[in-house]
$ cat entry_39.tsv   # TSV, C-alpha atoms and all ligand atoms
chain	number	residue	atom	x	y	z
C	25	MET	CA	112.35	132.13	105.71
C	26	SER	CA	114.56	129.58	107.44
C	27	PRO	CA	112.95	127.20	109.91
C	28	ASP	CA	113.04	128.25	113.56
C	29	ARG	CA	115.42	125.79	115.24
C	30	ASN	CA	113.82	126.29	118.65
C	31	ARG	CA	110.63	124.70	117.38
C	32	ILE	CA	109.82	121.24	116.10
C	33	HIS	CA	108.30	120.74	112.67
C	34	LEU	CA	105.47	118.43	111.73
C	35	ALA	CA	104.59	117.76	108.08
C	36	VAL	CA	100.87	117.30	107.37
C	37	GLN	CA	98.92	117.08	104.12
C	38	LYS	CA	97.96	120.58	102.94
C	39	SER	CA	94.61	119.67	101.46
C	40	GLY	CA	93.23	116.21	100.91
C	41	ARG	CA	91.74	113.25	102.66
C	42	LEU	CA	94.09	113.36	105.65
C	43	SER	CA	94.13	117.12	106.29
C	44	GLU	CA	91.02	117.63	108.38
C	45	GLU	CA	91.56	114.67	110.69
C	46	SER	CA	95.28	115.44	111.10
C	47	LEU	CA	94.39	118.93	112.32
C	48	SER	CA	91.60	117.75	114.56
C	49	LEU	CA	93.95	115.21	116.18
C	50	LEU	CA	96.37	118.05	116.95
C	51	LYS	CA	93.56	120.22	118.30
C	52	GLY	CA	92.45	117.27	120.43
C	53	ALA	CA	96.00	117.23	121.85
C	54	GLY	CA	95.37	120.79	123.06
C	55	LEU	CA	97.26	122.69	120.34
C	56	ARG	CA	95.98	126.10	119.25
C	57	LEU	CA	96.89	126.40	115.58
C	58	SER	CA	96.96	129.56	113.53
C	59	ARG	CA	97.38	129.39	109.79
C	60	GLY	CA	98.66	132.33	107.73
C	61	GLY	CA	95.75	132.01	105.27
C	62	LYS	CA	94.20	129.38	103.01
C	63	SER	CA	97.21	129.42	100.67
C	64	SER	CA	99.81	129.45	103.47
C	65	LEU	CA	102.34	126.60	103.52
C	66	SER	CA	102.76	126.63	107.26
C	67	ALA	CA	100.85	127.00	110.49
C	68	ARG	CA	101.99	127.70	114.01
C	69	ALA	CA	100.92	126.39	117.38
C	70	ASP	CA	100.80	129.34	119.75
C	71	ASN	CA	100.83	127.23	122.92
C	72	TYR	CA	103.51	124.66	121.95
C	73	PRO	CA	106.92	125.01	120.21
C	74	LEU	CA	105.55	123.41	117.03
C	75	ASP	CA	105.27	124.56	113.42
C	76	LEU	CA	103.26	122.66	110.83
C	77	MET	CA	104.45	122.34	107.24
C	78	LEU	CA	101.45	121.98	104.94
C	79	VAL	CA	102.60	119.95	101.93
C	80	ARG	CA	101.55	117.29	99.40
C	81	ASP	CA	101.32	113.90	101.05
C	82	ASP	CA	103.86	112.37	98.64
C	83	ASP	CA	106.53	114.77	99.94
C	84	ILE	CA	106.03	113.97	103.62
C	85	PRO	CA	108.35	110.91	103.84
C	86	THR	CA	111.16	112.83	102.12
C	87	PHE	CA	110.83	115.80	104.48
C	88	VAL	CA	110.93	113.53	107.52
C	89	ALA	CA	113.78	111.33	106.20
C	90	ASP	CA	115.85	114.46	105.54
C	91	GLY	CA	115.09	115.83	108.99
C	92	VAL	CA	113.54	119.03	107.56
C	93	CYS	CA	110.55	117.99	109.65
C	94	GLU	CA	111.13	115.87	112.73
C	95	LEU	CA	107.59	114.44	112.53
C	96	GLY	CA	104.95	113.79	109.89
C	97	ILE	CA	101.43	112.42	109.44
C	98	VAL	CA	101.01	110.28	106.34
C	99	GLY	CA	99.22	107.21	105.00
C	100	GLN	CA	101.06	103.89	105.41
C	101	ASN	CA	100.57	103.40	101.65
C	102	VAL	CA	102.67	106.50	100.87
C	103	LEU	CA	105.23	105.61	103.54
C	104	GLU	CA	105.62	102.02	102.29
C	105	GLU	CA	105.90	103.05	98.65
C	106	TYR	CA	108.64	105.50	99.60
C	107	ALA	CA	110.44	103.04	101.88
C	108	LEU	CA	110.56	100.30	99.23
C	109	GLY	CA	112.34	102.75	96.93
C	110	GLN	CA	114.76	103.89	99.69
C	111	PRO	CA	116.18	100.84	101.44
C	112	ASP	CA	118.24	102.99	103.85
C	113	ARG	CA	115.19	104.88	105.02
C	114	ARG	CA	115.61	107.20	107.94
C	115	ILE	CA	112.02	107.15	109.11
C	116	GLU	CA	110.29	105.33	111.94
C	117	GLU	CA	106.55	104.75	112.27
C	118	VAL	CA	105.63	105.69	115.84
C	119	ALA	CA	101.84	105.49	116.08
C	120	ARG	CA	98.80	104.40	114.13
C	121	LEU	CA	96.26	107.18	114.16
C	122	GLY	CA	93.00	105.35	113.41
C	123	PHE	CA	91.84	107.46	110.44
C	124	GLY	CA	92.47	107.50	106.68
C	125	ARG	CA	91.73	103.79	106.45
C	126	CYS	CA	91.77	102.41	102.93
C	127	SER	CA	93.27	99.56	101.04
C	128	LEU	CA	95.28	99.15	97.90
C	129	LYS	CA	93.44	96.65	95.70
C	130	ILE	CA	93.78	95.19	92.27
C	131	ALA	CA	90.60	95.73	90.25
C	132	ALA	CA	89.42	94.09	87.08
C	133	PRO	CA	86.66	94.94	84.59
C	134	ASP	CA	83.44	93.82	86.26
C	135	SER	CA	82.46	91.99	83.10
C	136	LEU	CA	85.18	89.47	83.95
C	137	ASN	CA	83.10	86.76	85.56
C	138	PHE	CA	85.75	84.57	87.01
C	139	PHE	CA	89.05	85.96	88.25
C	140	LYS	CA	92.20	84.16	89.38
C	141	LEU	CA	95.44	85.97	90.27
C	142	LYS	CA	97.24	83.95	87.58
C	143	MET	CA	95.16	85.84	85.00
C	144	LEU	CA	97.43	88.84	85.68
C	145	GLU	CA	100.41	87.02	84.13
C	146	GLY	CA	101.75	89.06	81.22
C	147	GLN	CA	99.03	91.73	81.62
C	148	ARG	CA	99.41	95.50	82.06
C	149	ILE	CA	98.38	96.93	85.44
C	150	ALA	CA	98.14	100.69	86.02
C	151	THR	CA	98.97	102.06	89.48
C	152	SER	CA	100.45	104.96	91.44
C	153	TYR	CA	102.11	102.41	93.76
C	154	PRO	CA	104.57	100.50	91.54
C	155	ASN	CA	106.88	99.40	94.37
C	156	ILE	CA	104.12	97.93	96.55
C	157	LEU	CA	102.49	96.27	93.55
C	158	ARG	CA	105.82	94.82	92.34
C	159	ARG	CA	106.48	93.28	95.74
C	160	PHE	CA	102.98	91.78	95.80
C	161	LEU	CA	103.32	90.28	92.32
C	162	ASP	CA	106.79	88.93	93.16
C	163	THR	CA	105.50	87.13	96.25
C	164	GLN	CA	102.71	85.64	94.11
C	165	GLY	CA	105.19	84.57	91.42
C	166	ILE	CA	103.44	86.64	88.76
C	167	SER	CA	105.19	88.70	86.12
C	168	ALA	CA	103.17	91.57	84.70
C	169	ASP	CA	103.82	95.00	83.20
C	170	ILE	CA	103.34	97.82	85.67
C	171	VAL	CA	102.29	101.16	84.19
C	172	THR	CA	102.91	104.00	86.63
C	173	MET	CA	100.33	106.80	86.64
C	174	ARG	CA	100.28	109.72	89.07
C	175	GLY	CA	96.49	109.99	89.22
C	176	ALA	CA	93.18	109.03	87.57
C	177	VAL	CA	94.30	105.40	87.58
C	178	GLU	CA	90.69	104.21	87.43
C	179	LEU	CA	90.43	105.64	83.91
C	180	ALA	CA	93.28	103.48	82.57
C	181	PRO	CA	91.12	100.55	81.38
C	182	ARG	CA	88.69	102.84	79.54
C	183	LEU	CA	91.56	104.71	77.90
C	184	GLY	CA	93.13	101.43	76.80
C	185	ILE	CA	96.29	102.06	78.87
C	186	ALA	CA	96.01	98.89	80.94
C	187	ARG	CA	93.41	96.19	81.45
C	188	PHE	CA	93.80	96.06	85.23
C	189	ILE	CA	94.45	98.66	87.89
C	190	CYS	CA	95.84	98.66	91.42
C	191	ASP	CA	94.45	101.61	93.37
C	192	LEU	CA	93.30	102.81	96.80
C	193	VAL	CA	89.76	101.84	97.70
C	194	SER	CA	87.65	102.72	100.71
C	195	THR	CA	83.99	102.35	99.73
C	196	GLY	CA	84.48	100.95	96.23
C	197	ALA	CA	82.13	103.56	94.71
C	198	THR	CA	84.79	104.97	92.35
C	199	LEU	CA	85.62	101.51	91.02
C	200	ASP	CA	81.96	100.77	90.55
C	201	ALA	CA	81.40	104.00	88.65
C	202	ASN	CA	84.18	102.98	86.27
C	203	GLY	CA	82.90	99.46	85.62
C	204	LEU	CA	85.58	97.83	87.79
C	205	ALA	CA	85.42	95.40	90.70
C	206	PRO	CA	88.06	94.66	93.35
C	207	VAL	CA	89.66	91.22	92.97
C	208	ALA	CA	92.70	91.17	95.29
C	209	ASP	CA	93.88	92.97	98.45
C	210	VAL	CA	97.44	94.20	98.12
C	211	PHE	CA	98.01	96.48	101.15
C	212	ASP	CA	95.86	97.81	104.03
C	213	SER	CA	96.58	101.31	105.22
C	214	GLU	CA	95.74	103.96	107.78
C	215	ALA	CA	97.29	107.30	108.73
C	216	VAL	CA	100.39	107.06	110.90
C	217	MET	CA	102.70	109.39	112.79
C	218	ILE	CA	106.27	109.10	111.58
C	219	ARG	CA	109.50	110.51	112.96
C	220	THR	CA	112.94	111.10	111.57
C	221	LEU	CA	115.79	108.76	112.45
C	222	LYS	CA	118.28	111.57	111.88
C	223	PRO	CA	119.95	112.58	115.14
C	224	VAL	CA	117.89	115.11	117.08
C	225	ASP	CA	119.33	117.14	119.97
C	226	ALA	CA	118.03	116.68	123.50
C	227	PRO	CA	115.79	119.79	123.74
C	228	HIS	CA	114.13	118.91	120.42
C	229	ARG	CA	113.75	115.33	121.50
C	230	ALA	CA	111.94	116.43	124.64
C	231	LYS	CA	109.51	118.56	122.59
C	232	MET	CA	108.86	115.65	120.23
C	233	ASP	CA	108.32	113.20	123.07
C	234	GLY	CA	105.96	115.64	124.80
C	235	LEU	CA	103.83	115.96	121.68
C	236	LEU	CA	103.82	112.21	121.00
C	237	THR	CA	102.72	111.50	124.59
C	238	ARG	CA	99.78	113.87	124.20
C	239	ILE	CA	98.82	112.35	120.86
C	240	GLY	CA	99.08	108.86	122.33
C	241	GLY	CA	96.67	110.08	125.01
C	242	VAL	CA	94.16	111.35	122.43
C	243	ILE	CA	94.23	108.07	120.52
C	244	ALA	CA	93.84	106.02	123.69
C	245	THR	CA	90.85	108.06	124.87
C	246	GLN	CA	89.05	107.69	121.53
C	247	GLU	CA	88.55	103.98	122.18
C	248	SER	CA	88.60	103.97	125.97
C	249	LYS	CA	85.68	104.13	128.35
C	250	TYR	CA	85.41	104.39	132.11
C	251	ILE	CA	83.11	101.76	133.59
C	252	VAL	CA	81.58	101.82	137.05
C	253	LEU	CA	79.35	99.03	138.38
C	254	ASN	CA	78.17	97.33	141.55
C	255	ALA	CA	78.53	93.60	142.10
C	256	PRO	CA	78.70	90.90	144.76
C	257	GLU	CA	82.33	90.35	145.72
C	258	SER	CA	82.01	86.70	144.73
C	259	ALA	CA	81.29	87.72	141.11
C	260	LEU	CA	84.56	89.67	140.77
C	261	PRO	CA	86.60	86.99	138.95
C	262	ALA	CA	83.86	86.52	136.32
C	263	ILE	CA	83.36	90.28	135.89
C	264	SER	CA	87.09	91.00	135.52
C	265	LYS	CA	87.21	88.52	132.66
C	266	ILE	CA	84.40	90.29	130.80
C	267	LEU	CA	85.69	93.88	131.17
C	268	PRO	CA	87.36	94.57	127.79
C	269	GLY	CA	91.01	95.57	128.02
C	270	ALA	CA	90.83	96.62	131.68
C	271	GLU	CA	93.88	96.09	133.84
C	272	ALA	CA	93.62	96.00	137.63
C	273	PRO	CA	90.15	97.44	138.26
C	274	THR	CA	89.63	99.45	141.45
C	275	VAL	CA	87.37	97.61	143.91
C	276	VAL	CA	85.79	99.45	146.89
C	277	PRO	CA	83.33	98.15	149.51
C	278	LEU	CA	79.78	99.55	149.50
C	279	VAL	CA	78.88	101.03	152.89
C	280	GLY	CA	75.97	99.23	154.57
C	281	ARG	CA	75.88	96.43	151.99
C	282	PRO	CA	78.15	93.64	153.19
C	283	GLY	CA	79.58	91.43	150.44
C	284	GLN	CA	78.81	94.08	147.80
C	285	VAL	CA	81.51	96.12	146.03
C	286	ALA	CA	81.79	98.92	143.48
C	287	VAL	CA	84.15	98.24	140.57
C	288	GLN	CA	85.79	101.02	138.54
C	289	ALA	CA	87.88	100.35	135.47
C	290	VAL	CA	89.31	102.00	132.37
C	291	CYS	CA	88.49	99.80	129.39
C	292	GLN	CA	90.90	100.22	126.51
C	293	GLU	CA	88.63	98.55	123.99
C	294	SER	CA	85.15	99.30	122.69
C	295	VAL	CA	82.33	98.55	125.11
C	296	PHE	CA	79.26	97.13	123.36
C	297	TRP	CA	75.71	96.49	124.59
C	298	GLU	CA	76.56	92.76	124.55
C	299	THR	CA	79.39	93.47	127.00
C	300	LEU	CA	76.89	95.15	129.37
C	301	GLU	CA	74.47	92.23	129.06
C	302	ARG	CA	77.24	89.79	129.89
C	303	LEU	CA	78.29	91.90	132.90
C	304	LYS	CA	74.68	91.94	134.13
C	305	GLY	CA	74.48	88.20	133.60
C	306	ALA	CA	77.57	87.77	135.78
C	307	GLY	CA	75.89	89.66	138.65
C	308	ALA	CA	76.72	93.33	137.96
C	309	SER	CA	74.15	96.09	138.50
C	310	ALA	CA	74.03	99.91	138.17
C	311	ILE	CA	76.47	99.75	135.27
C	312	LEU	CA	77.68	103.13	133.98
C	313	VAL	CA	79.87	103.60	130.90
C	314	MET	CA	81.46	107.04	130.56
C	315	PRO	CA	83.66	108.69	127.93
C	316	ILE	CA	87.14	109.73	128.98
C	317	GLU	CA	88.12	113.27	128.09
C	318	LYS	CA	91.85	113.19	128.69
C	319	MET	CA	94.32	110.47	129.62
C	320	MET	CA	98.09	110.33	130.09
C	321	MET	CA	99.71	106.97	130.78
L	1	LIG	P1	98.19	115.36	97.55
L	1	LIG	O1	97.71	116.54	96.80
L	1	LIG	O2	98.54	115.72	98.98
L	1	LIG	O3	99.28	114.59	96.86
L	1	LIG	P2	96.55	113.02	97.02
L	1	LIG	O4	95.54	113.31	95.97
L	1	LIG	O5	97.78	112.26	96.69
L	1	LIG	O6	96.92	114.41	97.71
L	1	LIG	P3	94.41	112.09	98.80
L	1	LIG	O7	93.46	111.58	97.79
L	1	LIG	O8	94.04	113.33	99.54
L	1	LIG	O9	95.91	112.22	98.22
L	1	LIG	O10	94.65	110.90	99.83
L	1	LIG	C1	95.57	111.03	100.88
L	1	LIG	C2	95.64	109.70	101.63
L	1	LIG	O11	94.36	109.40	102.18
L	1	LIG	C3	95.97	108.48	100.80
L	1	LIG	O12	97.36	108.36	100.52
L	1	LIG	C4	95.48	107.38	101.71
L	1	LIG	O13	96.42	107.08	102.71
L	1	LIG	C5	94.25	107.99	102.38
L	1	LIG	N1	92.94	107.51	101.85
L	1	LIG	C6	91.89	107.09	102.60
L	1	LIG	N2	90.86	106.70	101.85
L	1	LIG	C7	91.22	106.85	100.58
L	1	LIG	C8	90.57	106.61	99.33
L	1	LIG	N3	89.35	106.12	99.23
L	1	LIG	N4	91.24	106.91	98.21
L	1	LIG	C9	92.47	107.45	98.27
L	1	LIG	N5	93.14	107.67	99.44
L	1	LIG	C10	92.54	107.38	100.58
L	2	MG	MG	99.63	112.63	96.80
$ encode --input "entry_39.tsv" --output "structure tokens" --more "lines below"
Ligand code: ATP
Ligand code: MG
Amino acid sequence: MSPDRNRIHLAVQKSGRLSEESLSLLKGAGLRLSRGGKSSLSARADNYPLDLMLVRDDDIPTFVADGVCELGIVGQNVLEEYALGQPDRRIEEVARLGFGRCSLKIAAPDSLNFFKLKMLEGQRIATSYPNILRRFLDTQGISADIVTMRGAVELAPRLGIARFICDLVSTGATLDANGLAPVADVFDSEAVMIRTLKPVDAPHRAKMDGLLTRIGGVIATQESKYIVLNAPESALPAISKILPGAEAPTVVPLVGRPGQVAVQAVCQESVFWETLERLKGAGASAILVMPIEKMMM
């Protein structure tokens, strides 16, 4: 089946750590997705001209660079590893998506009491990310043997393949279970939206931009809150300084209470209890913090 050229194509991981959150981001952007079946390699949005290609995450940068898919959702680790091997890459990162956070770390046997990076000199290090690891070692002036493995890297020390590993870590539980401890941070990653740099015609471009605007809106609302409070007008300068990430709050007079105003603002950063206490300390009262359901800037 050849791809429908009236629709845009987005590559997402078929099944793995990024799949669920990639789909829920798209649903949050109002897309109704129907998948052919569990084994199906594609899915279709029935209220937007968008088809999803469900593939292995390693293939996503290639699909997007070749323009087979105009857009893709992938970890920065996979994107960077690909890009370092393809200097003329035709991919642009357009948005950080706030999930799939992890970091690529070098780990050593936890029996090693004292670790210095220089101890890697001349050693073997197993990894699935040889390009990122090579760059890191080069910047540290270390020469070591990199052993490339496609999976189960954490088993390499036990199997006698390499003494050290460089692998993705989020909680550290897998390292721990294999008698390893993280010793150096190599690369921090989260899921990102990428787009092809191959030329795209105007109608396609408009569909891509429309989708990216909606997704930008979903990401912005995840962090943003709407704050309403009352305050004496004289306290406004102090209160504006405390409101996190709020530009130009709306200020309206309170009827029958001279000198008192209501302040309304969209805060683009997290609002903590400490923030509320500081607002109260500056003279605010009746403070309400509300979630924002949809937003388009
Ligand atoms: P595929 O079959 O698609 O090739 P995979 O086994 O290579 O899947 P997953 O383990 O599903 O990949 O991880 C996908 C991405 O999730 C990683 O590339 C990374 O960006 C992110 N991620 C987040 N936390 C972790 C973690 N603790 N370990 C591995 N990857 C993580
Ligand atoms: Mg993979």
$ atom_distance --input "entry_39.tsv" --atom1 "atom CA of Thr299 of chain C" --atom2 "atom CA of Ile243 of chain C"
21.8 Å
$ closest_residue --input "entry_39.tsv" --among "C:Leu34, C:Leu108, C:Val295, C:Leu42" --to "ligand MG 2 (chain L)" --atoms "all atoms listed in the file"
C:Leu42
$ residues_near_ligand --input "entry_39.tsv" --ligand "ligand LIG 1 (chain L)" --cutoff "7 Å" --atoms "all atoms listed in the file" --output "ChimeraX atom specification"
/C:37-42,79-82,98-102,124-126,192-195,213-215
$ closest_residue --input "entry_39.tsv" --among "C:Asp90, C:Glu247, C:Asp83, C:Glu145" --to "ligand MG 2 (chain L)" --atoms "only C-alpha atoms and all ligand atoms"
C:Asp83
$ closest_atom_pairs --input "entry_39.tsv" --of "segment 213-264 of chain C" --to "segment 117-120 of chain C" --cutoff "9 Å" --atoms "all atoms listed in the file" --output "CSV"
residue,atom,partner,partner_atom,distance
C:Glu214,CA,C:Arg120,CA,7.1
C:Ala215,CA,C:Arg120,CA,6.3
C:Val216,CA,C:Arg120,CA,4.5
C:Met217,CA,C:Ala119,CA,5.2
C:Ile218,CA,C:Glu117,CA,4.4
C:Arg219,CA,C:Glu117,CA,6.5
C:Leu236,CA,C:Val118,CA,8.5
C:Ile239,CA,C:Ala119,CA,8.9
C:Gly240,CA,C:Ala119,CA,7.6
C:Ile243,CA,C:Arg120,CA,8.7
$ atom_distance --input "entry_39.tsv" --atom1 "atom CA of Pro268 of chain C" --atom2 "atom CA of Ala286 of chain C"
17.2 Å
$ residues_near_point --input "entry_39.tsv" --point "(107.0, 105.1, 107.1)" --cutoff "6 Å" --atoms "all atoms listed in the file" --output "ChimeraX atom specification"
/C:103-104,115-117
$ atom_distance --input "entry_39.tsv" --atom1 "atom CA of Glu301 of chain C" --atom2 "atom CA of Val279 of chain C"
25.8 Å
$ closest_residue --input "entry_39.tsv" --among "C:Cys291, C:Ala201, C:Ala208, C:Leu144" --to "Ala186 of chain C" --atoms "all atoms listed in the file"
C:Leu144
$ residues_near_point --input "entry_39.tsv" --point "(95.7, 109.7, 126.7)" --cutoff "9 Å" --atoms "only C-alpha atoms" --output "count of residues only"
17
$ residues_around --input "entry_39.tsv" --residues "segment 282-284 of chain C" --least-positions-apart "5" --cutoff "8 Å" --atoms "all atoms listed in the file" --output "short mmCIF file (atom, residue, chain, number, x, y, z; two decimals) with C-alpha atoms, in the coordinates of the input"
data_model
loop_
_atom_site.label_atom_id
_atom_site.label_comp_id
_atom_site.auth_asym_id
_atom_site.auth_seq_id
_atom_site.Cartn_x
_atom_site.Cartn_y
_atom_site.Cartn_z
CA ASN C 254 78.17 97.33 141.55
CA ALA C 255 78.53 93.60 142.10
CA PRO C 256 78.70 90.90 144.76
CA GLU C 257 82.33 90.35 145.72
CA SER C 258 82.01 86.70 144.73
CA PRO C 277 83.33 98.15 149.51
#
$ closest_residue --input "entry_39.tsv" --among "C:Ser43, C:Val275, C:Ile251, C:Ala259" --to "Ala310 of chain C" --atoms "only C-alpha atoms"
C:Ile251
$ residues_around --input "entry_39.tsv" --residues "Phe211 of chain C" --least-positions-apart "4" --cutoff "8 Å" --atoms "only C-alpha atoms" --output "ChimeraX atom specification"
/C:101,127-129,156
$ closest_residue --input "entry_39.tsv" --among "C:Val276, C:Val36, C:Leu141, C:Val171" --to "ligand MG 2 (chain L)" --atoms "only C-alpha atoms and all ligand atoms"
C:Val36
$ closest_residue --input "entry_39.tsv" --among "C:Phe296, C:Tyr153, C:Phe123, C:Phe138" --to "ligand MG 2 (chain L)" --atoms "only C-alpha atoms and all ligand atoms"
C:Tyr153
$ residues_around --input "entry_39.tsv" --residues "Gly269 of chain C" --least-positions-apart "3" --cutoff "10 Å" --atoms "all atoms listed in the file" --output "list of chain:residue names"
C:Ser248, C:Ser264, C:Lys265, C:Ile266, C:Ala272, C:Ala289, C:Val290, C:Cys291, C:Gln292, C:Glu293, C:Ser294, C:Val295
$ residues_around --input "entry_39.tsv" --residues "Phe139 of chain C" --least-positions-apart "6" --cutoff "12 Å" --atoms "all atoms listed in the file" --output "list in words"
Ile130, Ala131, Ala132, Pro133, Phe188, Ala205, Pro206, Val207 and Ala208 of chain C
$ residues_around --input "entry_39.tsv" --residues "Leu76 of chain C" --least-positions-apart "3" --cutoff "7 Å" --atoms "all atoms listed in the file" --output "mmCIF file with C-alpha atoms, keeping the file's coordinate frame"
data_model
loop_
_atom_site.group_PDB
_atom_site.id
_atom_site.type_symbol
_atom_site.label_atom_id
_atom_site.label_comp_id
_atom_site.auth_asym_id
_atom_site.auth_seq_id
_atom_site.Cartn_x
_atom_site.Cartn_y
_atom_site.Cartn_z
ATOM 1 C CA HIS C 33 108.300 120.740 112.670
ATOM 2 C CA LEU C 34 105.470 118.430 111.730
ATOM 3 C CA ALA C 35 104.590 117.760 108.080
ATOM 4 C CA VAL C 36 100.870 117.300 107.370
ATOM 5 C CA SER C 66 102.760 126.630 107.260
ATOM 6 C CA ALA C 67 100.850 127.000 110.490
ATOM 7 C CA ARG C 68 101.990 127.700 114.010
#
